[in-house]
>>> print(open('query_16.csv').read())   # CSV, C-alpha atoms
chain,number,residue,atom,x,y,z
B,1,MET,CA,-32.6,34.2,-49.4
B,2,ALA,CA,-28.9,34.0,-48.5
B,3,ALA,CA,-29.0,37.4,-46.9
B,4,SER,CA,-32.0,36.3,-44.8
B,5,LEU,CA,-30.2,33.2,-43.6
B,6,THR,CA,-27.1,35.2,-42.7
B,7,SER,CA,-29.2,37.6,-40.6
B,8,ILE,CA,-30.9,34.7,-38.8
B,9,ALA,CA,-27.5,33.2,-38.1
B,10,LYS,CA,-26.3,36.5,-36.6
B,11,VAL,CA,-29.3,36.8,-34.4
B,12,LEU,CA,-28.9,33.2,-33.1
B,13,CYS,CA,-25.2,33.9,-32.3
B,14,ARG,CA,-26.3,36.9,-30.3
B,15,LEU,CA,-28.6,34.8,-28.1
B,16,SER,CA,-27.7,34.2,-24.5
B,17,PRO,CA,-26.1,30.9,-23.5
B,18,SER,CA,-29.2,30.0,-21.4
B,19,ILE,CA,-31.5,30.1,-24.5
B,20,LEU,CA,-29.1,28.0,-26.5
B,21,GLN,CA,-28.9,25.5,-23.7
B,22,GLN,CA,-32.8,25.3,-23.6
B,23,LEU,CA,-32.8,24.7,-27.4
B,24,ARG,CA,-30.3,22.0,-27.2
B,25,GLN,CA,-32.2,20.3,-24.4
B,26,TYR,CA,-35.4,20.5,-26.4
B,27,GLN,CA,-33.6,19.0,-29.5
B,28,SER,CA,-32.3,16.1,-27.5
B,29,CYS,CA,-35.8,15.4,-26.1
B,30,LEU,CA,-37.3,15.4,-29.6
B,31,GLN,CA,-34.7,12.8,-30.7
B,32,ARG,CA,-35.8,10.4,-27.9
B,33,LEU,CA,-39.5,10.8,-28.3
B,34,PRO,CA,-41.7,9.1,-30.9
B,35,VAL,CA,-42.8,11.0,-34.0
B,36,ARG,CA,-46.5,11.2,-33.0
B,37,SER,CA,-45.6,13.0,-29.8
B,38,TYR,CA,-43.8,15.9,-31.5
B,39,GLY,CA,-47.0,17.9,-31.7
B,40,ALA,CA,-47.4,17.9,-28.0
B,41,LEU,CA,-44.3,19.9,-27.5
B,42,SER,CA,-43.9,23.6,-28.3
B,43,PRO,CA,-40.6,25.3,-29.0
B,44,PHE,CA,-41.8,28.2,-26.9
B,45,ALA,CA,-42.6,26.0,-23.9
B,46,PRO,CA,-40.4,26.4,-20.8
B,47,PRO,CA,-37.9,23.6,-20.0
B,48,SER,CA,-40.0,22.5,-17.0
B,49,HIS,CA,-42.7,21.3,-19.4
B,50,PHE,CA,-40.3,19.0,-21.4
B,51,TYR,CA,-41.3,15.4,-20.8
B,52,CYS,CA,-37.8,13.9,-21.6
B,53,GLN,CA,-37.2,10.3,-20.8
B,54,ALA,CA,-33.5,10.8,-20.5
B,55,ALA,CA,-33.9,13.2,-17.6
B,56,SER,CA,-36.0,10.7,-15.7
B,57,LEU,CA,-33.4,8.0,-16.3
B,58,GLN,CA,-30.7,10.3,-15.0
B,59,ASN,CA,-32.7,11.0,-11.9
B,60,ASP,CA,-33.2,7.3,-11.2
B,61,ALA,CA,-29.5,6.7,-11.7
B,62,ALA,CA,-28.6,9.6,-9.3
B,63,ALA,CA,-31.1,8.3,-6.7
B,64,GLN,CA,-29.6,4.8,-6.9
B,65,ALA,CA,-26.1,6.1,-6.6
B,66,GLU,CA,-27.1,8.2,-3.6
B,67,THR,CA,-28.6,5.1,-2.0
B,68,LEU,CA,-25.5,3.1,-2.6
B,69,HIS,CA,-23.3,5.9,-1.1
B,70,ARG,CA,-25.6,6.2,1.9
B,71,TYR,CA,-25.2,2.5,2.9
B,72,LYS,CA,-21.6,2.1,1.8
B,73,ASP,CA,-20.0,3.1,5.0
B,74,ARG,CA,-22.8,1.8,7.3
B,75,PRO,CA,-24.3,-1.3,5.6
B,76,TRP,CA,-26.1,-2.3,8.8
B,77,ASP,CA,-28.4,0.7,8.4
B,78,TYR,CA,-29.9,-0.8,5.3
B,79,LEU,CA,-31.6,-3.6,7.4
B,80,GLU,CA,-33.5,-1.0,9.3
B,81,SER,CA,-34.6,1.1,6.4
B,82,GLU,CA,-38.0,1.2,4.8
B,83,GLU,CA,-36.6,0.0,1.5
B,84,TYR,CA,-35.4,-3.2,3.1
B,85,ILE,CA,-38.7,-3.8,5.0
B,86,GLU,CA,-40.7,-3.2,1.9
B,87,ARG,CA,-38.6,-5.7,-0.1
B,88,TYR,CA,-38.0,-8.5,2.5
B,89,GLY,CA,-40.3,-7.8,5.4
B,90,THR,CA,-39.4,-9.8,8.5
B,91,ASN,CA,-38.1,-12.8,6.5
B,92,PRO,CA,-34.4,-13.4,5.9
B,93,VAL,CA,-32.9,-12.3,2.7
B,94,TRP,CA,-32.6,-15.9,1.4
B,95,ALA,CA,-36.1,-17.0,2.4
B,96,ASP,CA,-37.7,-16.5,-1.1
B,97,TYR,CA,-34.7,-17.3,-3.1
B,98,ARG,CA,-34.8,-20.3,-5.6
B,99,ARG,CA,-31.8,-21.1,-7.7
B,100,ASN,CA,-32.0,-22.0,-11.3
B,101,HIS,CA,-30.6,-25.4,-12.1
B,102,LYS,CA,-30.9,-28.1,-14.7
B,103,GLY,CA,-33.0,-31.1,-14.0
B,104,GLY,CA,-35.2,-31.8,-11.0
B,105,ILE,CA,-32.4,-32.5,-8.5
B,106,PRO,CA,-30.5,-29.4,-7.3
B,107,PRO,CA,-26.7,-29.6,-7.3
B,108,GLN,CA,-24.8,-30.5,-4.1
B,109,LYS,CA,-22.8,-27.2,-4.2
B,110,THR,CA,-23.6,-23.7,-5.1
B,111,ARG,CA,-21.8,-21.8,-7.8
B,112,LYS,CA,-18.3,-20.4,-7.1
B,113,THR,CA,-19.2,-16.8,-7.6
B,114,CYS,CA,-22.1,-14.8,-9.2
B,115,ILE,CA,-20.1,-11.9,-10.5
B,116,ARG,CA,-17.1,-12.4,-12.7
B,117,GLY,CA,-15.7,-9.1,-13.9
B,118,ASP,CA,-18.5,-7.2,-15.5
B,119,LYS,CA,-20.6,-10.4,-16.2
B,120,VAL,CA,-23.4,-11.2,-13.8
B,121,SER,CA,-24.8,-14.7,-13.8
B,122,GLY,CA,-28.5,-15.4,-14.2
B,123,ASN,CA,-30.4,-15.4,-10.9
B,124,PRO,CA,-27.5,-14.4,-8.6
B,125,CYS,CA,-27.4,-15.4,-5.0
B,126,PRO,CA,-29.3,-13.5,-2.2
B,127,VAL,CA,-26.2,-11.5,-1.3
B,128,CYS,CA,-25.0,-10.7,-4.8
B,129,ARG,CA,-28.4,-9.7,-6.2
B,130,ASP,CA,-28.8,-6.8,-3.8
B,131,SER,CA,-25.9,-4.3,-3.9
B,132,ASN,CA,-27.0,-2.8,-0.5
B,133,ILE,CA,-26.3,-6.0,1.3
B,134,VAL,CA,-22.7,-6.0,2.5
B,135,VAL,CA,-21.2,-8.8,4.5
B,136,HIS,CA,-19.4,-7.2,7.4
B,137,HIS,CA,-18.5,-8.3,10.9
B,138,GLN,CA,-20.5,-5.3,12.4
B,139,ASN,CA,-23.6,-6.1,10.3
B,140,VAL,CA,-24.9,-8.4,13.1
B,141,LYS,CA,-28.5,-8.5,12.0
B,142,LEU,CA,-27.5,-9.9,8.6
B,143,LEU,CA,-25.1,-12.5,10.1
B,144,GLN,CA,-27.8,-13.7,12.4
B,145,GLN,CA,-30.0,-14.6,9.5
B,146,PHE,CA,-27.4,-17.2,8.3
B,147,ILE,CA,-26.8,-18.7,11.8
B,148,SER,CA,-28.9,-21.6,13.2
B,149,PRO,CA,-30.3,-20.7,16.6
B,150,GLN,CA,-30.2,-24.3,17.6
B,151,THR,CA,-26.6,-25.2,16.8
B,152,GLY,CA,-25.0,-21.8,16.5
B,153,MET,CA,-23.4,-22.8,13.2
B,154,LEU,CA,-23.8,-21.3,9.7
B,155,TYR,CA,-26.5,-22.7,7.5
B,156,ASP,CA,-25.3,-24.8,4.6
B,157,PRO,CA,-25.1,-22.8,1.3
B,158,THR,CA,-27.3,-25.4,-0.4
B,159,ARG,CA,-30.1,-24.2,1.9
B,160,THR,CA,-29.5,-20.4,1.7
B,161,GLY,CA,-28.4,-20.5,-2.0
B,162,VAL,CA,-25.4,-18.2,-1.2
B,163,CYS,CA,-22.4,-18.7,-3.6
B,164,MET,CA,-19.2,-20.1,-2.3
B,165,LYS,CA,-17.5,-16.7,-2.4
B,166,GLN,CA,-20.1,-15.0,-0.2
B,167,GLN,CA,-20.2,-18.1,2.1
B,168,LYS,CA,-16.4,-17.7,2.7
B,169,LYS,CA,-17.0,-14.0,3.6
B,170,LEU,CA,-19.8,-15.0,6.0
B,171,ASN,CA,-17.5,-17.5,7.8
B,172,GLU,CA,-14.8,-14.9,8.2
B,173,ALA,CA,-17.3,-12.2,9.3
B,174,VAL,CA,-18.9,-14.5,11.9
B,175,GLY,CA,-15.5,-15.5,13.3
B,176,THR,CA,-14.4,-11.9,13.6
B,177,ALA,CA,-17.7,-10.8,15.1
B,178,ARG,CA,-17.4,-13.5,17.8
B,179,ASP,CA,-13.8,-12.5,18.5
B,180,HIS,CA,-15.0,-8.9,19.0
B,181,GLY,CA,-17.9,-10.0,21.2
B,182,LEU,CA,-20.6,-8.9,18.8
B,183,LEU,CA,-22.0,-12.5,18.4
B,184,PRO,CA,-22.4,-15.1,21.2
B,185,PHE,CA,-20.8,-18.5,20.8
B,186,GLN,CA,-21.6,-21.7,22.6
B,187,ILE,CA,-19.1,-23.4,25.0
B,188,PRO,CA,-19.7,-27.0,26.0
B,189,TYR,CA,-20.9,-27.2,29.6
B,190,VAL,CA,-18.7,-29.4,31.9
B,191,GLU,CA,-19.9,-30.2,35.4
B,192,PHE,CA,-17.2,-29.4,38.0
B,193,SER,CA,-16.1,-32.3,40.1
B,194,GLY,CA,-13.5,-32.1,42.8
B,195,GLU,CA,-12.2,-35.6,42.1
B,196,ASP,CA,-11.0,-34.6,38.7
B,197,TYR,CA,-8.6,-32.1,40.2
B,198,SER,CA,-7.3,-34.2,43.1
B,199,ASN,CA,-4.2,-36.3,43.4
B,200,SER,CA,-5.9,-39.3,45.0
B,201,HIS,CA,-6.7,-41.3,41.9
B,202,ASP,CA,-4.2,-43.6,40.1
B,203,ALA,CA,-3.6,-41.4,37.1
B,204,VAL,CA,-1.7,-38.8,39.1
B,205,GLY,CA,-0.7,-40.9,42.0
B,206,CYS,CA,2.8,-41.8,43.0
B,207,THR,CA,4.6,-44.7,41.2
B,208,PRO,CA,5.0,-47.6,43.6
B,209,PRO,CA,8.6,-48.6,44.4
B,210,PRO,CA,10.0,-51.6,42.5
B,211,PRO,CA,10.0,-55.0,44.3
B,212,SER,CA,13.2,-56.1,46.0
B,213,LEU,CA,15.1,-58.5,43.6
B,214,THR,CA,17.5,-61.2,44.6
B,215,SER,CA,20.2,-62.6,42.4
B,216,GLY,CA,18.7,-64.8,39.6
B,217,ASP,CA,15.2,-63.4,39.9
B,218,THR,CA,13.5,-61.8,36.8
B,219,TRP,CA,12.0,-58.4,36.9
B,220,TYR,CA,8.7,-59.8,35.6
B,221,LYS,CA,7.4,-62.9,37.2
B,222,TRP,CA,5.7,-64.2,34.0
B,223,TYR,CA,9.1,-64.1,32.2
B,224,GLY,CA,10.5,-67.0,34.4
B,225,GLU,CA,7.6,-69.2,33.5
B,226,ILE,CA,8.4,-69.2,29.8
B,227,THR,CA,10.2,-72.2,28.5
B,228,PRO,CA,12.1,-71.5,25.2
B,229,ASP,CA,12.2,-73.9,22.3
B,230,GLU,CA,15.5,-75.8,22.1
B,231,GLN,CA,15.6,-75.8,18.3
B,232,GLU,CA,15.1,-72.0,18.1
B,233,VAL,CA,17.8,-71.5,20.8
B,234,ALA,CA,20.2,-73.7,18.8
B,235,LYS,CA,19.6,-71.7,15.6
B,236,VAL,CA,20.3,-68.4,17.5
B,237,LYS,CA,23.4,-69.8,19.0
B,238,LYS,CA,24.6,-71.0,15.6
B,239,THR,CA,23.9,-67.6,14.0
B,240,TYR,CA,25.7,-65.7,16.7
B,241,LYS,CA,28.4,-68.2,17.7
B,242,ALA,CA,31.1,-65.8,16.8
B,243,TYR,CA,29.8,-63.3,19.4
B,244,LEU,CA,29.1,-65.9,22.1
B,245,LYS,CA,32.7,-66.8,22.9
>>> encode(input="query_16.csv", output="structure tokens")
Amino acid sequence: MAASLTSIAKVLCRLSPSILQQLRQYQSCLQRLPVRSYGALSPFAPPSHFYCQAASLQNDAAAQAETLHRYKDRPWDYLESEEYIERYGTNPVWADYRRNHKGGIPPQKTRKTCIRGDKVSGNPCPVCRDSNIVVHHQNVKLLQQFISPQTGMLYDPTRTGVCMKQQKKLNEAVGTARDHGLLPFQIPYVEFSGEDYSNSHDAVGCTPPPPSLTSGDTWYKWYGEITPDEQEVAKVKKTYKAYLK
């Protein structure tokens, strides 16, 4: 028996690395599948017939990583992709968002941030829940979803549900986009009038010359009509009698 085991071991050692790799892959698949499904697999089946759940998970992770890498440098391309249209349609990204809160009355402010380190809060905001959505001043289509077309101002975060961290990024991105000319901004209309820029009105006119004064006259006419109180004058003279000599 020991001699037979030794011979089998020598034969296995002489196998090519490709066959050993197939056997290891088959063994890992057997460990992940339930017991009742072992019979469906054959040790002589090629690797293409292995229904391994780990391989499918790896493919999904690779596809997701490829998607993130594709929209990392150009996040505005995500809003024109089929994936975005299938998920959001023509609605803004915050249209169907409802925040979880205690009680029937929603809080007056949104949470500070949705992601703290490796911990993600429950029901994150519309921007934090989708990793492909990146706030950038060149991502004009995304910024326009958070700007009111009537006032030209950003929607309040209590309406969109965006956390305060992403709201701050939106304010900075909108300001930068307007400085670069990517977003329009409203300027109050002032009707031009020639009178506002002329020198004929009193605000910019010449100061009239002072009236000619004679000796004994006061500069202001109303000052000569005031009669001081004798008692108050006596008190002042008594207080400053040392200086009135």
>>> atom_distance(input="query_16.csv", atom1="atom CA of Ala173 of chain B", atom2="atom CA of Ile147 of chain B")
11.8 Å
>>> atom_distance(input="query_16.csv", atom1="atom CA of Pro157 of chain B", atom2="atom CA of Glu83 of chain B")
25.5 Å
>>> atom_distance(input="query_16.csv", atom1="atom CA of Gly103 of chain B", atom2="atom CA of Asp156 of chain B")
21.1 Å
>>> residues_around(input="query_16.csv", residues="Gln150 of chain B", least_positions_apart="5", cutoff="12 Å", atoms="only C-alpha atoms", output="NGL selection string")
:B and (155 or 185-186)
>>> closest_residue(input="query_16.csv", among="B:Val140, B:Cys125, B:Ala95, B:Val174", to="Glu80 of chain B", atoms="all atoms listed in the file")
B:Val140
